[in-house]
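Worksheet: the structure to be examined is printed underneath.
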Amino acid sequence: MKKLAMMMGVAALAGPMTAAERAKGRYMRDEGGHPPQPRAPIEMKSWIEGVEKKLTQHGVDAKSIDEIKARVEHLEQKSARRAGGGSGDGAPSIGKQFTSEKGRDVKGMRARDRVSFETKATITSSVANAAGSAGALVVPQRDTLTMLPKRRLTIRNLLNVIQVTSGSVEYPRQQAGTNAAGMVAEGAAKPQSDMKFDMATAPIRTIAHHMKASRQILDDEPQLEGMIDIDLRYGLALREESQLLYGDGTGQNLLGMMPQSTDFLAPIVMTDANEIDTIGLAILQASLTDVPPDGIVIHPADWWKMRLTKDADGRYILGDPMTNVAPNLFGLPVVPTQAMASGDFLVGAFNVQTLYDRWEARVEVGFENDDFTKNLVTILGEERVGFAAKQPQALINGSFATAP
């Protein structure tokens with residue numbers, strides 16, 4: 001609490017105080033003897049000039065006036081420093097409060113009158129180390145955690161999935177044979193047909209990655225372990241989806257569908273074919289392999305390019321924008337996924353291709369190297385899978401850019 005008292009050396013002209021004035025403490029009246037009324041704040045410079053003029057008229061000597069001015073200016077500067085140069089929380093300075101509340105009283109002062117002014121620290125949300133700073137008591141509200149978005153995974157769902165128990169899978173595969181069936185006359189020898197098989201092998205490959213975490217953070221924040229678990233599994237699924245489409249079979253890569261599928265070659269000639277026509281021609285090509293196609297995989301951008309195609313009258317070919325149109329072309333479901341490169345497409349029979357699960361995605365926690373002495377743990381995400389395109393001729397791949 002700070003108190004500013006200003007003493008004048010001339011006789012009082014305000015008259016005796018009333019009982020109410022005594023109870024509240026003496027204060028100045030205006031020239032008409034009435035209590036001062038609230039008024040707007042007075043700028044410091046103009047206020048000081050007005051007070052100096054008034055005091056001079058009442059015969060106050062120049063030295064006393066200078067002392068009063070010096071004290072007011074000192075308080076103003078001190079308040080400005082505490083407020084951080086005036087750019088802090090916006091609380092008025094002491095000098096500003098004095099001129100606002102007591103400026104009228106001082107202008108109406110008479111001989112031997114006194115003006116008292118008390119200041120109190122204003123409590124604000126400031127975090128500065130100063131009186132009235134209560135920002136440290138404010139506790140921010142904590143919202144739920146926001147994780148990175150995760151892509152919808154779709155390719156595995158198109159395939160035939162089988163659980164296996166070995167590091168590789170062999171499966172017999174029929175090769176081209178001879179069909180000698182024919183019309184036979186009575187008593188004539190029947191023609192002989194033959195069949196040919198070979199053995200194909202689908203190796204089991206490992207997809208894995210890991211994270212490091214301290215034992216303390218896993219104990220202090222149990223939710224983190226679940227987040228790591230989800231993120232590791234999602235990373236495995238992303239890599240699996242990419243491998244099922246584009247794996248080249250070299251090293252530890254799977255041999256995916258795009259490298260094994262048949263290149264697009266339009267079975268019939270069309271002029272001015274657009275993307276929708278190209279998909280229709282690919283469906284026809286797949287159907288001619290005697291394996292009925294059951295799906296279309298394209299990039300979302302290519303699907304929406306088709307969805308937004310209009311006829312000559314400006315109407316959307318694939319349905320009104322006000323309707324919810326399921327991705328579908330020529331009766332086959334369309335699977336838009338960012339795992340497929342923009343501009344590429346894959347059409348054909350997916351349910352006859354096989355994904356082998358040796359280990360489904362799993363997450364394990366253990367110590368590695370000097371983890372134990374460092375209070376660290378290794379969190380490992382891992383799966384083992386294999387893939388066999390048993391009917392690769394029933395998959396047709398192509399590019400919209402190069403399609404005829």
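Going through the structure tokens in order, the chains are called A, B, and so on, while each chain numbers its residues from 1 and the ligands are numbered from 1 in the order shown.
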
Could I get the residues of stretch 244-298 of chain A with an atom no further than 9 Å from an atom of stretch 334-348 of chain A, each paired with its nearest atom pair and that distance in Å to one decimal, using only C-alpha atoms, sorted by chain and residue number, as a Markdown table?
| residue | atom | partner | partner_atom | distance |
| --- | --- | --- | --- | --- |
| A:Leu245 | CA | A:Met340 | CA | 7.4 |
| A:Tyr246 | CA | A:Met340 | CA | 8.6 |
| A:Met257 | CA | A:Leu346 | CA | 8.6 |
| A:Met258 | CA | A:Leu346 | CA | 7.3 |
| A:Ser261 | CA | A:Leu346 | CA | 8.4 |
| A:Ile279 | CA | A:Val347 | CA | 7.6 |
| A:Ala282 | CA | A:Val347 | CA | 6.4 |
| A:Ile283 | CA | A:Val347 | CA | 6.4 |
| A:Gln285 | CA | A:Gly348 | CA | 8.8 |
| A:Ala286 | CA | A:Gly348 | CA | 5.5 |
| A:Ser287 | CA | A:Gly348 | CA | 7.9 |
| A:Val291 | CA | A:Gly348 | CA | 8.2 |
| A:Pro292 | CA | A:Gly348 | CA | 7.3 |
| A:Pro293 | CA | A:Gly348 | CA | 4.1 |
| A:Asp294 | CA | A:Gly348 | CA | 6.0 |
| A:Gly295 | CA | A:Gly348 | CA | 5.9 |
| A:Ile296 | CA | A:Val347 | CA | 4.6 |
| A:Val297 | CA | A:Val335 | CA | 4.8 |
| A:Ile298 | CA | A:Phe345 | CA | 4.9 |

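Counting only C-alpha atoms, A:Gly366 has the following residues at most 12 Å away, ignoring those fewer than 5 positions along the same chain: His210, Met211, Lys212, Ala213, Ser214, Arg215, Asp371, Phe372, Asn375, Leu376, Val377, Thr378, Ile379, Leu380 and Gly381 of chain A.
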
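The closest residue to A:Phe350, picked from A:Met270, A:Val325, A:Ile123, A:Leu395 and counting only C-alpha atoms, is A:Leu395.
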
Next on the checklist: Please compute the atom CA of A:Ala180-atom CA of A:Phe197 distance, one decimal, in Å.
Outcome noted: 17.6 Å

Next on the checklist: I want to know what sits within 6 Å of A:Arg358, based on only C-alpha atoms, with residues of the same chain fewer than 2 positions away left out; could you give that as a ChimeraX atom specification?
Outcome noted: /A:164-165,384-385

Checklist entry - Out of stretch 169-250 of chain A, which residues get strand (DSSP E) from DSSP, as a VMD selection string? => result chain A and resid 169 to 178 194 to 203 205 to 214

Item to check | All residues 8 Å or closer to A:Leu153, only C-alpha atoms, same chain fewer than 6 positions away omitted, as a count of residues only | outcome: 4

Item to check | Counting only C-alpha atoms, the option among A:Gly50, A:Gly280, A:Pro327, A:Gly226 closest to A:Glu364 | outcome: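 Counting only C-alpha atoms, the residue closest to A:Glu364 is A:Gly226.
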
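Going from atom CA of A:Ser399 over to atom CA of A:Gly319, you cover 24.8 Å.
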
Next on the checklist: Please identify the alpha helix (DSSP H) residues within stretch 175-352 of chain A (assignment by DSSP from backbone atoms) and present them as number ranges by chain.
Outcome noted: A: 215-220, 222-246, 257-260, 275-287, 300-307

So that I have them on file, write out the residues from the current selection with C-alpha atoms, as a compact mmCIF listing (two decimals), in the first residue's frame.
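Result file again-v9.txt:
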# COMPACT_ATOMS: atom_id res chain seq x y z
CA ARG A 215 10.49 -47.13 -18.25
CA GLN A 216 9.66 -43.98 -16.32
CA ILE A 217 7.49 -42.45 -19.04
CA LEU A 218 5.65 -45.72 -19.61
CA ASP A 219 4.94 -45.95 -15.88
CA ASP A 220 4.00 -42.28 -15.55
CA PRO A 222 0.24 -45.62 -19.28
CA GLN A 223 -1.74 -44.21 -22.21
CA LEU A 224 1.50 -43.74 -24.14
CA GLU A 225 2.07 -47.49 -24.41
CA GLY A 226 -1.28 -47.87 -26.16
CA MET A 227 -0.45 -45.01 -28.54
CA ILE A 228 2.88 -46.61 -29.44
CA ASP A 229 1.13 -49.94 -29.94
CA ILE A 230 -1.40 -48.42 -32.36
CA ASP A 231 1.24 -46.44 -34.24
CA LEU A 232 3.55 -49.44 -34.69
CA ARG A 233 0.72 -51.60 -36.01
CA TYR A 234 -0.41 -48.88 -38.38
CA GLY A 235 3.13 -48.53 -39.75
CA LEU A 236 3.24 -52.26 -40.46
CA ALA A 237 -0.11 -52.15 -42.27
CA LEU A 238 1.01 -49.21 -44.44
CA ARG A 239 4.14 -51.05 -45.53
CA GLU A 240 2.18 -54.25 -46.15
CA GLU A 241 -0.29 -52.44 -48.41
CA SER A 242 2.50 -50.89 -50.43
CA GLN A 243 4.24 -54.25 -50.80
CA LEU A 244 1.06 -56.05 -51.89
CA LEU A 245 0.72 -53.59 -54.76
CA TYR A 246 4.24 -52.64 -55.80
CA MET A 257 0.33 -57.59 -57.83
CA MET A 258 1.38 -54.75 -60.13
CA PRO A 259 4.65 -56.44 -61.29
CA GLN A 260 2.87 -59.79 -61.83
CA GLU A 275 -10.86 -42.69 -67.92
CA ILE A 276 -14.23 -44.36 -67.43
CA ASP A 277 -13.96 -46.00 -70.86
CA THR A 278 -10.45 -47.20 -70.00
CA ILE A 279 -11.66 -48.94 -66.84
CA GLY A 280 -14.48 -50.56 -68.81
CA LEU A 281 -12.01 -51.89 -71.39
CA ALA A 282 -9.76 -53.24 -68.60
CA ILE A 283 -12.75 -55.05 -67.09
CA LEU A 284 -13.42 -56.61 -70.47
CA GLN A 285 -9.80 -57.68 -70.80
CA ALA A 286 -9.87 -59.29 -67.34
CA SER A 287 -13.17 -61.03 -68.09
CA PRO A 300 -8.62 -41.09 -55.00
CA ALA A 301 -7.73 -38.27 -57.42
CA ASP A 302 -8.50 -40.50 -60.41
CA TRP A 303 -11.80 -41.60 -58.90
CA TRP A 304 -12.91 -38.02 -58.34
CA LYS A 305 -11.87 -37.02 -61.82
CA MET A 306 -14.32 -39.65 -63.08
CA ARG A 307 -16.95 -38.68 -60.52

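Going from atom CA of A:Asn397 over to atom CA of A:Leu255, you cover 14.8 Å.
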